[in-house]
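Quick look at data.txt (compact mmCIF, C-alpha atoms and all ligand atoms):
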# COMPACT_ATOMS: atom_id res chain seq x y z
CA MET A 1 -23.01 -10.88 2.80
CA PHE A 2 -25.41 -12.69 0.50
CA THR A 3 -28.58 -13.95 2.20
CA ASP A 4 -30.45 -16.85 0.65
CA GLY A 5 -32.30 -18.11 3.71
CA VAL A 6 -34.28 -16.32 6.45
CA ARG A 7 -36.86 -17.15 9.04
CA LEU A 8 -39.68 -14.70 9.71
CA GLU A 9 -42.75 -14.34 11.84
CA LEU A 10 -45.62 -12.67 9.99
CA VAL A 11 -48.62 -11.11 11.66
CA ALA A 12 -51.49 -9.55 9.74
CA GLY A 13 -53.30 -6.54 11.24
CA LYS A 14 -56.22 -6.76 13.62
CA GLY A 15 -59.57 -5.35 12.54
CA GLY A 16 -60.70 -2.15 14.28
CA ASN A 17 -63.68 -2.37 16.65
CA GLY A 18 -67.16 -1.31 15.67
CA VAL A 19 -68.64 1.32 18.00
CA ILE A 20 -71.92 2.37 19.58
CA ALA A 21 -72.93 5.97 18.93
CA TRP A 22 -76.13 7.98 18.46
CA ARG A 23 -77.12 10.78 16.19
CA ARG A 24 -77.37 13.97 18.20
CA GLU A 25 -78.57 16.81 16.10
CA LYS A 26 -80.70 19.80 16.78
CA TYR A 27 -84.34 19.30 15.77
CA ILE A 28 -83.85 15.53 15.42
CA PRO A 29 -84.84 13.94 18.70
CA LYS A 30 -84.01 10.27 19.17
CA GLY A 31 -81.58 10.44 16.25
CA GLY A 32 -80.98 6.74 16.09
CA PRO A 33 -77.78 4.65 15.97
CA SER A 34 -74.75 6.05 14.16
CA GLY A 35 -71.77 3.91 15.29
CA GLY A 36 -69.50 3.06 12.35
CA ASN A 37 -67.67 -0.13 11.46
CA GLY A 38 -64.03 -0.72 12.30
CA GLY A 39 -61.46 -0.78 9.48
CA ASP A 40 -60.05 -4.08 8.24
CA GLY A 41 -56.56 -5.13 9.35
CA GLY A 42 -53.78 -5.04 6.74
CA SER A 43 -52.72 -8.24 5.03
CA ILE A 44 -49.26 -9.55 4.19
CA ILE A 45 -48.55 -10.44 0.59
CA ILE A 46 -45.46 -12.12 -0.78
CA ARG A 47 -44.57 -11.03 -4.31
CA ALA A 48 -41.96 -12.57 -6.61
CA SER A 49 -39.84 -10.12 -8.53
CA ARG A 50 -37.09 -10.34 -11.12
CA HIS A 51 -35.60 -7.14 -9.69
CA PHE A 52 -34.24 -8.86 -6.61
CA TYR A 53 -31.49 -11.42 -6.47
CA SER A 54 -31.21 -12.09 -2.76
CA LEU A 55 -33.11 -12.02 0.50
CA ASP A 56 -30.68 -9.46 1.96
CA LYS A 57 -33.37 -7.01 2.96
CA TYR A 58 -34.87 -9.52 5.39
CA ARG A 59 -31.56 -10.43 7.00
CA ASN A 60 -32.08 -8.41 10.15
CA LYS A 61 -35.81 -8.84 10.36
CA ARG A 62 -37.56 -11.26 12.63
CA LEU A 63 -41.10 -10.00 12.98
CA ILE A 64 -43.10 -8.39 10.20
CA ALA A 65 -46.51 -7.01 11.13
CA ALA A 66 -49.10 -5.30 8.95
CA GLY A 67 -51.14 -2.35 10.27
CA ASP A 68 -54.23 -2.68 12.49
CA GLY A 69 -57.58 -1.28 11.37
CA LYS A 70 -58.83 1.79 13.27
CA GLN A 71 -62.05 1.71 15.25
CA GLY A 72 -65.22 3.10 13.76
CA GLY A 73 -66.49 6.60 14.59
CA SER A 74 -69.74 8.37 15.20
CA ASN A 75 -71.83 9.58 12.25
CA LYS A 76 -71.37 6.12 10.66
CA ARG A 77 -67.71 6.85 10.11
CA HIS A 78 -65.81 3.78 8.95
CA GLY A 79 -62.44 3.26 10.67
CA ALA A 80 -59.39 3.43 8.41
CA ASN A 81 -58.11 0.12 7.07
CA GLY A 82 -54.72 -1.07 8.33
CA LYS A 83 -51.80 -0.84 5.92
CA SER A 84 -51.09 -4.03 3.98
CA LEU A 85 -47.50 -5.06 3.36
CA ILE A 86 -45.98 -6.46 0.20
CA LEU A 87 -42.83 -8.48 0.74
CA ASP A 88 -40.79 -8.57 -2.44
CA VAL A 89 -38.70 -11.67 -2.88
CA PRO A 90 -36.59 -12.84 -5.81
CA CYS A 91 -38.18 -15.25 -8.27
CA GLY A 92 -37.24 -18.72 -7.08
CA THR A 93 -38.01 -18.17 -3.41
CA LEU A 94 -39.49 -21.15 -1.61
CA VAL A 95 -41.83 -20.36 1.26
CA LYS A 96 -41.48 -23.16 3.78
CA ASN A 97 -42.91 -24.26 7.06
CA PRO A 98 -39.87 -23.91 9.37
CA GLU A 99 -40.95 -26.78 11.61
CA THR A 100 -41.62 -29.44 8.98
CA GLY A 101 -39.58 -28.08 6.07
CA GLU A 102 -42.64 -28.53 3.88
CA VAL A 103 -42.79 -26.19 0.88
CA MET A 104 -45.92 -24.10 1.20
CA ARG A 105 -45.38 -22.27 -2.05
CA ASP A 106 -42.74 -21.80 -4.71
CA MET A 107 -42.67 -18.20 -5.91
CA THR A 108 -41.42 -18.58 -9.47
CA GLU A 109 -43.21 -16.14 -11.77
CA ASP A 110 -42.28 -12.47 -11.96
CA GLY A 111 -45.12 -10.49 -10.39
CA GLU A 112 -46.76 -13.52 -8.77
CA GLU A 113 -48.49 -12.57 -5.51
CA TRP A 114 -49.60 -14.66 -2.58
CA GLU A 115 -51.60 -13.32 0.32
CA ILE A 116 -50.05 -15.37 3.06
CA CYS A 117 -51.64 -13.64 6.09
CA LYS A 118 -55.05 -12.07 5.92
CA GLY A 119 -55.95 -9.01 7.94
CA GLY A 120 -58.84 -9.35 10.41
CA ARG A 121 -62.27 -7.97 9.47
CA GLY A 122 -63.31 -4.77 11.20
CA GLY A 123 -66.12 -5.04 13.77
CA ARG A 124 -69.65 -3.75 13.10
CA GLY A 125 -70.94 -0.51 14.54
CA ASN A 126 -74.43 -0.31 16.03
CA GLU A 127 -75.77 1.47 12.96
CA THR A 128 -75.54 -1.79 11.02
CA PHE A 129 -77.69 -3.63 13.54
CA LYS A 130 -80.66 -1.37 12.98
CA THR A 131 -83.80 -3.25 11.94
CA PRO A 132 -87.47 -2.22 11.64
CA THR A 133 -88.14 -3.89 14.97
CA ASN A 134 -85.01 -2.71 16.74
CA ARG A 135 -84.33 0.87 15.81
CA ALA A 136 -81.92 1.58 18.64
CA PRO A 137 -79.59 -1.41 18.93
CA HIS A 138 -77.08 -1.31 21.79
CA LYS A 139 -74.84 -3.67 19.97
CA CYS A 140 -71.47 -3.59 18.21
CA THR A 141 -68.78 -6.21 17.51
CA PRO A 142 -65.02 -6.15 18.05
CA GLY A 143 -62.53 -6.38 15.20
CA ARG A 144 -61.20 -9.83 14.40
CA PRO A 145 -57.53 -10.71 14.72
CA GLY A 146 -55.52 -11.21 11.53
CA THR A 147 -53.86 -14.51 10.75
CA SER A 148 -50.21 -15.09 11.57
CA CYS A 149 -47.56 -17.64 10.73
CA GLU A 150 -43.88 -18.47 10.89
CA ILE A 151 -42.13 -19.06 7.63
CA GLU A 152 -38.74 -19.80 6.25
CA LEU A 153 -37.76 -18.25 2.94
CA GLU A 154 -35.24 -20.19 0.95
CA LEU A 155 -33.90 -18.87 -2.31
CA LYS A 156 -33.08 -21.13 -5.20
CA LEU A 157 -32.34 -18.79 -8.06
CA ILE A 158 -34.05 -19.43 -11.36
CA ALA A 159 -31.64 -19.20 -14.25
CA ASP A 160 -31.74 -21.00 -17.57
CA ILE A 161 -28.01 -21.45 -17.54
CA GLY A 162 -25.71 -22.16 -14.60
CA PHE A 163 -21.97 -21.52 -14.80
CA VAL A 164 -19.78 -23.80 -12.72
CA GLY A 165 -16.03 -24.03 -12.55
CA PHE A 166 -12.89 -23.75 -10.49
CA PRO A 167 -12.02 -20.38 -9.03
CA ASN A 168 -10.24 -18.18 -11.61
CA ALA A 169 -11.57 -20.15 -14.59
CA GLY A 170 -13.14 -16.96 -15.92
CA LYS A 171 -16.83 -17.48 -15.13
CA SER A 172 -17.43 -13.90 -14.08
CA THR A 173 -15.44 -12.51 -16.99
CA LEU A 174 -17.58 -14.60 -19.30
CA LEU A 175 -20.81 -13.43 -17.67
CA SER A 176 -19.86 -9.79 -17.90
CA LYS A 177 -18.84 -10.19 -21.56
CA ILE A 178 -22.01 -11.86 -22.77
CA THR A 179 -24.52 -10.01 -20.60
CA SER A 180 -24.78 -6.40 -19.55
CA LYS A 181 -23.85 -7.02 -15.96
CA GLU A 182 -20.65 -5.71 -14.49
CA VAL A 183 -19.34 -8.21 -12.00
CA LYS A 184 -16.23 -8.40 -9.94
CA ILE A 185 -13.32 -10.06 -11.72
CA GLY A 186 -9.97 -10.83 -10.16
CA ASN A 187 -6.87 -12.88 -10.82
CA TYR A 188 -7.20 -14.55 -7.46
CA PRO A 189 -9.43 -17.45 -6.39
CA PHE A 190 -12.84 -16.82 -4.87
CA THR A 191 -13.32 -13.37 -6.31
CA THR A 192 -17.00 -14.20 -6.48
CA LEU A 193 -18.43 -14.82 -3.03
CA ALA A 194 -22.11 -14.82 -3.92
CA PRO A 195 -24.05 -15.81 -7.03
CA ASN A 196 -24.45 -13.28 -9.83
CA LEU A 197 -27.52 -13.36 -12.00
CA SER A 198 -27.78 -11.68 -15.36
CA TYR A 199 -29.36 -12.24 -18.76
CA ILE A 200 -28.86 -12.00 -22.48
CA GLN A 201 -31.71 -10.38 -24.34
CA PHE A 202 -32.27 -11.45 -27.94
CA GLU A 203 -33.82 -9.53 -30.86
CA ASP A 204 -37.21 -11.16 -30.20
CA PHE A 205 -36.96 -9.89 -26.59
CA SER A 206 -36.65 -13.39 -25.21
CA ARG A 207 -34.14 -13.68 -22.41
CA LEU A 208 -31.65 -16.24 -21.31
CA TYR A 209 -30.90 -15.94 -17.60
CA ILE A 210 -27.46 -16.97 -16.43
CA ALA A 211 -26.24 -17.62 -12.90
CA ASP A 212 -22.54 -17.39 -12.08
CA ILE A 213 -21.75 -19.02 -8.76
CA PRO A 214 -18.59 -18.99 -6.63
CA GLY A 215 -15.81 -21.34 -7.69
CA ILE A 216 -15.76 -24.97 -6.64
CA ILE A 217 -12.63 -26.87 -5.69
CA LYS A 218 -11.70 -30.47 -5.01
CA ASP A 219 -13.29 -31.71 -1.79
CA ALA A 220 -15.81 -28.89 -1.77
CA HIS A 221 -18.26 -31.56 -0.61
CA LYS A 222 -16.15 -31.73 2.56
CA ASP A 223 -16.67 -27.99 2.91
CA ARG A 224 -13.35 -26.99 1.39
CA GLY A 225 -13.33 -23.54 -0.14
CA LEU A 226 -16.86 -22.19 -0.10
CA GLY A 227 -18.33 -25.69 -0.11
CA LEU A 228 -21.22 -26.75 -2.28
CA THR A 229 -24.06 -24.72 -0.79
CA PHE A 230 -24.21 -22.35 -3.76
CA LEU A 231 -24.99 -25.27 -6.07
CA ARG A 232 -28.61 -24.93 -5.08
CA HIS A 233 -28.72 -21.80 -7.24
CA ILE A 234 -28.08 -23.82 -10.37
CA GLU A 235 -30.32 -26.74 -9.41
CA ARG A 236 -33.16 -25.29 -11.45
CA SER A 237 -31.07 -24.44 -14.49
CA GLU A 238 -31.88 -26.19 -17.74
CA VAL A 239 -28.28 -26.23 -18.89
CA LEU A 240 -24.99 -26.29 -17.03
CA VAL A 241 -21.90 -24.69 -18.46
CA TYR A 242 -18.63 -26.04 -17.11
CA VAL A 243 -16.11 -23.25 -17.43
CA ILE A 244 -12.59 -24.67 -17.59
CA ASP A 245 -9.32 -22.77 -17.61
CA ALA A 246 -7.78 -24.27 -20.75
CA ALA A 247 -4.46 -22.54 -20.12
CA GLY A 248 -3.89 -24.42 -16.88
CA THR A 249 -3.16 -21.08 -15.21
CA ASP A 250 -3.14 -22.39 -11.68
CA VAL A 251 -1.02 -25.35 -12.84
CA ARG A 252 -3.82 -27.81 -13.15
CA ASP A 253 -4.74 -30.14 -15.93
CA PRO A 254 -7.98 -28.90 -17.54
CA PHE A 255 -9.36 -32.39 -18.05
CA GLU A 256 -8.70 -33.22 -14.43
CA ASP A 257 -10.54 -30.03 -13.50
CA PHE A 258 -13.52 -31.21 -15.49
CA THR A 259 -13.50 -34.63 -13.81
CA THR A 260 -13.13 -33.12 -10.35
CA LEU A 261 -15.98 -30.71 -11.01
CA THR A 262 -18.38 -33.38 -12.18
CA ASN A 263 -17.46 -35.55 -9.18
CA GLU A 264 -18.14 -32.69 -6.79
CA LEU A 265 -21.47 -31.95 -8.46
CA GLU A 266 -22.42 -35.59 -8.35
CA SER A 267 -21.76 -35.77 -4.63
CA TYR A 268 -24.22 -32.89 -4.20
CA SER A 269 -26.93 -34.27 -6.46
CA ARG A 270 -27.08 -36.77 -9.31
CA ASP A 271 -29.67 -34.59 -11.00
CA LEU A 272 -27.07 -31.93 -11.62
CA ILE A 273 -24.76 -34.03 -13.71
CA ASN A 274 -27.67 -35.47 -15.66
CA LYS A 275 -28.60 -32.03 -16.96
CA PRO A 276 -27.74 -31.01 -20.52
CA PHE A 277 -24.34 -29.34 -20.48
CA VAL A 278 -21.69 -27.50 -22.44
CA VAL A 279 -18.00 -27.49 -21.65
CA VAL A 280 -16.29 -24.18 -22.22
CA LEU A 281 -12.55 -24.24 -22.62
CA ASN A 282 -11.69 -20.65 -21.77
CA LYS A 283 -8.53 -18.57 -22.17
CA VAL A 284 -7.64 -20.02 -25.61
CA ASP A 285 -5.93 -16.69 -26.31
CA ARG A 286 -3.04 -17.99 -24.24
CA ASP A 287 -0.39 -20.12 -26.01
CA GLU A 288 -0.30 -22.66 -23.21
CA SER A 289 -3.88 -23.61 -24.02
CA GLN A 290 -3.09 -25.34 -27.33
CA ALA A 291 -1.45 -28.43 -25.86
CA PHE A 292 -4.05 -28.65 -23.11
CA VAL A 293 -6.93 -28.36 -25.57
CA SER A 294 -5.74 -31.22 -27.77
CA LYS A 295 -5.14 -33.35 -24.68
CA PHE A 296 -8.64 -32.51 -23.50
CA ARG A 297 -10.19 -33.46 -26.83
CA LYS A 298 -8.57 -36.90 -26.71
CA LYS A 299 -9.93 -37.69 -23.28
CA PHE A 300 -13.38 -36.12 -23.75
CA HIS A 301 -15.73 -39.02 -24.43
CA PHE A 302 -18.90 -36.97 -24.97
CA ASP A 303 -20.19 -35.60 -28.25
CA SER A 304 -17.63 -33.02 -29.43
CA SER A 305 -20.45 -30.54 -30.13
CA LYS A 306 -20.64 -30.08 -26.35
CA LEU A 307 -17.20 -28.51 -26.40
CA VAL A 308 -16.74 -24.81 -27.10
CA LEU A 309 -13.41 -23.01 -27.24
CA VAL A 310 -13.57 -19.40 -26.15
CA SER A 311 -11.58 -16.48 -24.92
CA ALA A 312 -13.65 -14.39 -22.59
CA LEU A 313 -10.88 -11.83 -22.81
CA ASN A 314 -10.83 -11.21 -26.57
CA GLY A 315 -14.33 -12.44 -27.41
CA GLU A 316 -13.38 -15.44 -29.52
CA GLY A 317 -16.06 -18.16 -29.60
CA LEU A 318 -18.62 -16.21 -27.56
CA ASP A 319 -21.26 -16.06 -30.30
CA THR A 320 -21.04 -19.81 -30.78
CA LEU A 321 -21.41 -20.31 -27.05
CA ILE A 322 -24.46 -18.06 -26.85
CA GLU A 323 -26.17 -19.85 -29.74
CA LYS A 324 -25.39 -23.21 -28.22
CA MET A 325 -26.75 -22.26 -24.80
CA ARG A 326 -29.86 -20.85 -26.38
CA SER A 327 -30.63 -23.86 -28.53
CA ILE A 328 -30.05 -26.37 -25.73
CA ALA A 329 -32.16 -24.34 -23.32
CA GLN A 330 -34.91 -24.14 -25.92
CA ALA A 331 -34.76 -27.85 -26.63
CA SER A 332 -35.02 -28.66 -22.96
CA GLY A 333 -38.22 -26.71 -22.65
CA LYS A 334 -37.30 -23.23 -21.54
CA ARG A 335 -40.35 -21.06 -21.08
CA TYR A 336 -39.67 -17.97 -23.15
CA GLU A 337 -40.84 -14.74 -21.60
N1 LIG B 1 -5.92 -14.69 -20.74
C1 LIG B 1 -7.17 -14.77 -20.33
N2 LIG B 1 -7.49 -14.45 -19.06
C2 LIG B 1 -8.78 -14.55 -18.67
C3 LIG B 1 -9.81 -14.96 -19.57
N3 LIG B 1 -10.97 -14.99 -18.88
C4 LIG B 1 -10.70 -14.58 -17.63
N4 LIG B 1 -9.39 -14.31 -17.48
C5 LIG B 1 -8.69 -13.86 -16.27
O1 LIG B 1 -8.80 -14.87 -15.28
C6 LIG B 1 -8.88 -14.30 -13.99
C7 LIG B 1 -10.09 -14.84 -13.24
O2 LIG B 1 -11.27 -14.40 -13.86
P1 LIG B 1 -12.70 -14.38 -13.13
O3 LIG B 1 -13.70 -14.08 -14.19
O4 LIG B 1 -12.65 -13.55 -11.92
O5 LIG B 1 -12.79 -15.92 -12.72
P2 LIG B 1 -13.96 -16.67 -11.92
O6 LIG B 1 -14.09 -18.00 -12.55
O7 LIG B 1 -15.18 -15.84 -11.86
O8 LIG B 1 -13.28 -16.82 -10.49
P3 LIG B 1 -13.95 -16.94 -9.02
O9 LIG B 1 -14.95 -15.87 -8.92
O10 LIG B 1 -12.80 -16.75 -8.10
O11 LIG B 1 -14.53 -18.31 -8.94
C8 LIG B 1 -8.95 -12.79 -14.20
O12 LIG B 1 -7.66 -12.26 -13.99
C9 LIG B 1 -9.38 -12.65 -15.64
O13 LIG B 1 -8.91 -11.46 -16.24
C10 LIG B 1 -9.43 -15.29 -20.92
O14 LIG B 1 -10.23 -15.67 -21.77
N5 LIG B 1 -8.10 -15.17 -21.22
MG MG B 2 -16.13 -15.07 -10.29
For the file at hand, write its structure as structure tokens.
Amino acid sequence: MFTDGVRLELVAGKGGNGVIAWRREKYIPKGGPSGGNGGDGGSIIIRASRHFYSLDKYRNKRLIAAGDGKQGGSNKRHGANGKSLILDVPCGTLVKNPETGEVMRDMTEDGEEWEICKGGRGGRGNETFKTPTNRAPHKCTPGRPGTSCEIELELKLIADIGFVGFPNAGKSTLLSKITSKEVKIGNYPFTTLAPNLSYIQFEDFSRLYIADIPGIIKDAHKDRGLGLTFLRHIERSEVLVYVIDAAGTDVRDPFEDFTTLTNELESYSRDLINKPFVVVLNKVDRDESQAFVSKFRKKFHFDSSKLVLVSALNGEGLDTLIEKMRSIAQASGKRYE
């Protein structure tokens, strides 16, 4: 199962107590105070990473606690600091307040870190209270508690390009052909049950990230099929690619598919259909596609440069598609890495 939302309770470590102790050594009478400080409690840090694509590793977690600091020792020994924890999350994870839904932070950049809970300071041992007027202080302080909070993590993948289409249109085949990712492909609907994220790397090392999400069908907004919940993973994409089965494999009319798709997307969010887009007519290797393609062209009232004919199977048109996606993404302000 793919997890893109979890609720967690985070507790940073408590500081260790400072202690009271005295030097006791041969030939040194009245050795003076020697109680060490307690160690600091461990903190909890959230870190965004491009190496993760889901929140799966937090699925069965409820409470995450960092280590407590150890108490100080005699001979001015400092207690050990508690172990800090780094929680890796995919880029595009929103950290929210579960009660109000307010976004506390949006973890977008690879490597970005946020110390969300701070470990408590260790207490002071009596050695640190020594002054010229009080050379034998009977005083130490306890460690302080760390901070804690409840959070909700919600993933909204960050991809430059989002693929949308009916089941079986060939989205996953396309993704695996143009990127290095091997994804599950099947001649049955809903082969893809969770988003796939992959990228194309160009000669200048810039990358174009692509998200392939599960297929969408008519009335998905009424929760038919897998519904529309996965659309949130293409909400942040600069460009949408509508992948249409131009061969009408499942006995549908490709233009009708396109209309249905845009209607479903619109019922989720108007912002989605206002994004720059490309329509990919896939499976043009099949003879049946010819009639459908010319019918599609007649009805398509957008600029014809938005239309690309491809065969994910034999590679036809893929270079054109890649160039088109790249230039539109660039024009719409993609931050190149
Ligand atoms: N002839 C032909 N078949 C294709 C082409 N692209 C994909 N297919 C076939 O279409 C079927 C569905 O492909 P997928 O890539 O799994 O389709 P999908 O859009 O990811 O489907 P879901 O994950 O179910 O939404 C598979 O049997 C593919 O081999 C193509 O260009 N030509
Ligand atoms: Mg698929």
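Residues in contact with ligand MG 2 (chain B) (atom pairs separated by at most 9 Å; all atoms listed in the file) are Pro167, Asn168, Ala169, Gly170, Lys171, Ser172, Thr173, Leu175, Val183, Lys184, Ile185, Gly186, Pro189, Phe190, Thr191, Thr192, Leu193, Ala194, Pro195, Asn196, Asp212, Ile213, Pro214 and Gly215 of chain A.
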Two-atom distance - CA of Asn314 (chain A), CA of Arg326 (chain A) (Å):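 We find that CA of Asn314 (chain A) and CA of Arg326 (chain A) lie 21.3 Å from each other.
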Give me the residues near Asn126 (chain A) as a tab-separated table (two decimals) with C-alpha atoms, keeping the file's coordinate frame, where near means some atom within 8 Å (using only C-alpha atoms) and where sequence neighbours in that chain fewer than 5 positions away do not count.
chain	number	residue	atom	x	y	z
A	18	GLY	CA	-67.16	-1.31	15.67
A	19	VAL	CA	-68.64	1.32	18.00
A	20	ILE	CA	-71.92	2.37	19.58
A	21	ALA	CA	-72.93	5.97	18.93
A	33	PRO	CA	-77.78	4.65	15.97
A	34	SER	CA	-74.75	6.05	14.16
A	35	GLY	CA	-71.77	3.91	15.29
A	36	GLY	CA	-69.50	3.06	12.35
A	137	PRO	CA	-79.59	-1.41	18.93
A	138	HIS	CA	-77.08	-1.31	21.79
A	139	LYS	CA	-74.84	-3.67	19.97
A	140	CYS	CA	-71.47	-3.59	18.21
Surrounding residues of Asn97 (chain A) excluding itself and chain neighbours under 2 positions, 9 Å, all atoms listed in the file, as number ranges by chain: A: 95, 99-104, 149-153
Output the selection as a short mmCIF file (atom, residue, chain, number, x, y, z; two decimals), in the frame of the given file - C-alpha atoms for each residue.
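Result file follows (again-v7.cif):
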data_model
loop_
_atom_site.label_atom_id
_atom_site.label_comp_id
_atom_site.auth_asym_id
_atom_site.auth_seq_id
_atom_site.Cartn_x
_atom_site.Cartn_y
_atom_site.Cartn_z
CA VAL A 95 -41.83 -20.36 1.26
CA GLU A 99 -40.95 -26.78 11.61
CA THR A 100 -41.62 -29.44 8.98
CA GLY A 101 -39.58 -28.08 6.07
CA GLU A 102 -42.64 -28.53 3.88
CA VAL A 103 -42.79 -26.19 0.88
CA MET A 104 -45.92 -24.10 1.20
CA CYS A 149 -47.56 -17.64 10.73
CA GLU A 150 -43.88 -18.47 10.89
CA ILE A 151 -42.13 -19.06 7.63
CA GLU A 152 -38.74 -19.80 6.25
CA LEU A 153 -37.76 -18.25 2.94
#
Between A:Gly15, A:Gly315, A:Pro145, A:Pro254, which is the closest to ligand LIG 1 (chain B) once you count all atoms listed in the file?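 Of all the options, A:Gly315 lies closest to ligand LIG 1 (chain B).
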Taking 4 positions as the minimum chain separation for residues in the same chain, which residues sit within 7 Å of region 226-239 of chain A when counting all atoms listed in the file? Answer as a ChimeraX atom specification. /A:156-162,211,213,220-222,272,275-277,329,332
Export of the given selection (C-alpha atoms) as a PDB file, keeping the file's coordinate frame:
ATOM      1  CA  LYS A 156     -33.080 -21.130  -5.200  1.00  0.00           C
ATOM      2  CA  LEU A 157     -32.340 -18.790  -8.060  1.00  0.00           C
ATOM      3  CA  ILE A 158     -34.050 -19.430 -11.360  1.00  0.00           C
ATOM      4  CA  ALA A 159     -31.640 -19.200 -14.250  1.00  0.00           C
ATOM      5  CA  ASP A 160     -31.740 -21.000 -17.570  1.00  0.00           C
ATOM      6  CA  ILE A 161     -28.010 -21.450 -17.540  1.00  0.00           C
ATOM      7  CA  GLY A 162     -25.710 -22.160 -14.600  1.00  0.00           C
ATOM      8  CA  ALA A 211     -26.240 -17.620 -12.900  1.00  0.00           C
ATOM      9  CA  ILE A 213     -21.750 -19.020  -8.760  1.00  0.00           C
ATOM     10  CA  ALA A 220     -15.810 -28.890  -1.770  1.00  0.00           C
ATOM     11  CA  HIS A 221     -18.260 -31.560  -0.610  1.00  0.00           C
ATOM     12  CA  LYS A 222     -16.150 -31.730   2.560  1.00  0.00           C
ATOM     13  CA  LEU A 272     -27.070 -31.930 -11.620  1.00  0.00           C
ATOM     14  CA  LYS A 275     -28.600 -32.030 -16.960  1.00  0.00           C
ATOM     15  CA  PRO A 276     -27.740 -31.010 -20.520  1.00  0.00           C
ATOM     16  CA  PHE A 277     -24.340 -29.340 -20.480  1.00  0.00           C
ATOM     17  CA  ALA A 329     -32.160 -24.340 -23.320  1.00  0.00           C
ATOM     18  CA  SER A 332     -35.020 -28.660 -22.960  1.00  0.00           C
TER      19      SER A 332
END
Hey, what's within 9 Å of Leu85 (chain A) if we count only C-alpha atoms and toss same-chain stuff fewer than 3 positions away? As an mmCIF file with C-alpha atoms, in the frame of the given file, please?
data_model
loop_
_atom_site.group_PDB
_atom_site.id
_atom_site.type_symbol
_atom_site.label_atom_id
_atom_site.label_comp_id
_atom_site.auth_asym_id
_atom_site.auth_seq_id
_atom_site.Cartn_x
_atom_site.Cartn_y
_atom_site.Cartn_z
ATOM 1 C CA ALA A 12 -51.490 -9.550 9.740
ATOM 2 C CA GLY A 42 -53.780 -5.040 6.740
ATOM 3 C CA SER A 43 -52.720 -8.240 5.030
ATOM 4 C CA ILE A 44 -49.260 -9.550 4.190
ATOM 5 C CA ILE A 45 -48.550 -10.440 0.590
ATOM 6 C CA ILE A 46 -45.460 -12.120 -0.780
ATOM 7 C CA ILE A 64 -43.100 -8.390 10.200
ATOM 8 C CA ALA A 65 -46.510 -7.010 11.130
ATOM 9 C CA ALA A 66 -49.100 -5.300 8.950
ATOM 10 C CA GLY A 67 -51.140 -2.350 10.270
#
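Using only C-alpha atoms and all ligand atoms for every distance, the candidate list A:Val278, A:Phe296, A:Asp245, A:Ile322 yields A:Asp245 as the residue closest to ligand LIG 1 (chain B).
Among the candidate residues A:Tyr58, A:Tyr268, A:Phe255, A:Phe202, the one lying nearest to His301 (chain A) is A:Phe255, with distances computed using only C-alpha atoms.
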Out of A:His51, A:Arg297, A:Arg62, A:Lys30, which residue has the shortest atom-to-atom distance to Glu9 (chain A) when counting all atoms listed in the file? A:Arg62
Extending 8 Å beyond the listed atoms of region 212-227 of chain A on each side, what axis-aligned box results? I want centre and edge lengths in Å to one decimal, as JSON.
{"center_x": -17.1, "center_y": -24.6, "center_z": -4.6, "size_x": 26.8, "size_y": 30.3, "size_z": 31.0}
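One finds CA of Phe258 (chain A) at 13.7 Å from CA of Asp219 (chain A).
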Separation of CA of Thr128 (chain A) from CA of Thr147 (chain A), in Å and rounded to one decimal: 25.1 Å
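With all atoms listed in the file as the atoms that count, the minimum distance from ligand LIG 1 (chain B) to the choices A:Gln330, A:Asn187, A:Ser206, A:Thr262 is reached by A:Asn187.
Between Gly92 (chain A) and the residues A:Asn17, A:Ser49, A:Asn37, A:Thr141, the shortest atom-to-atom distance, using only C-alpha atoms, involves A:Ser49.
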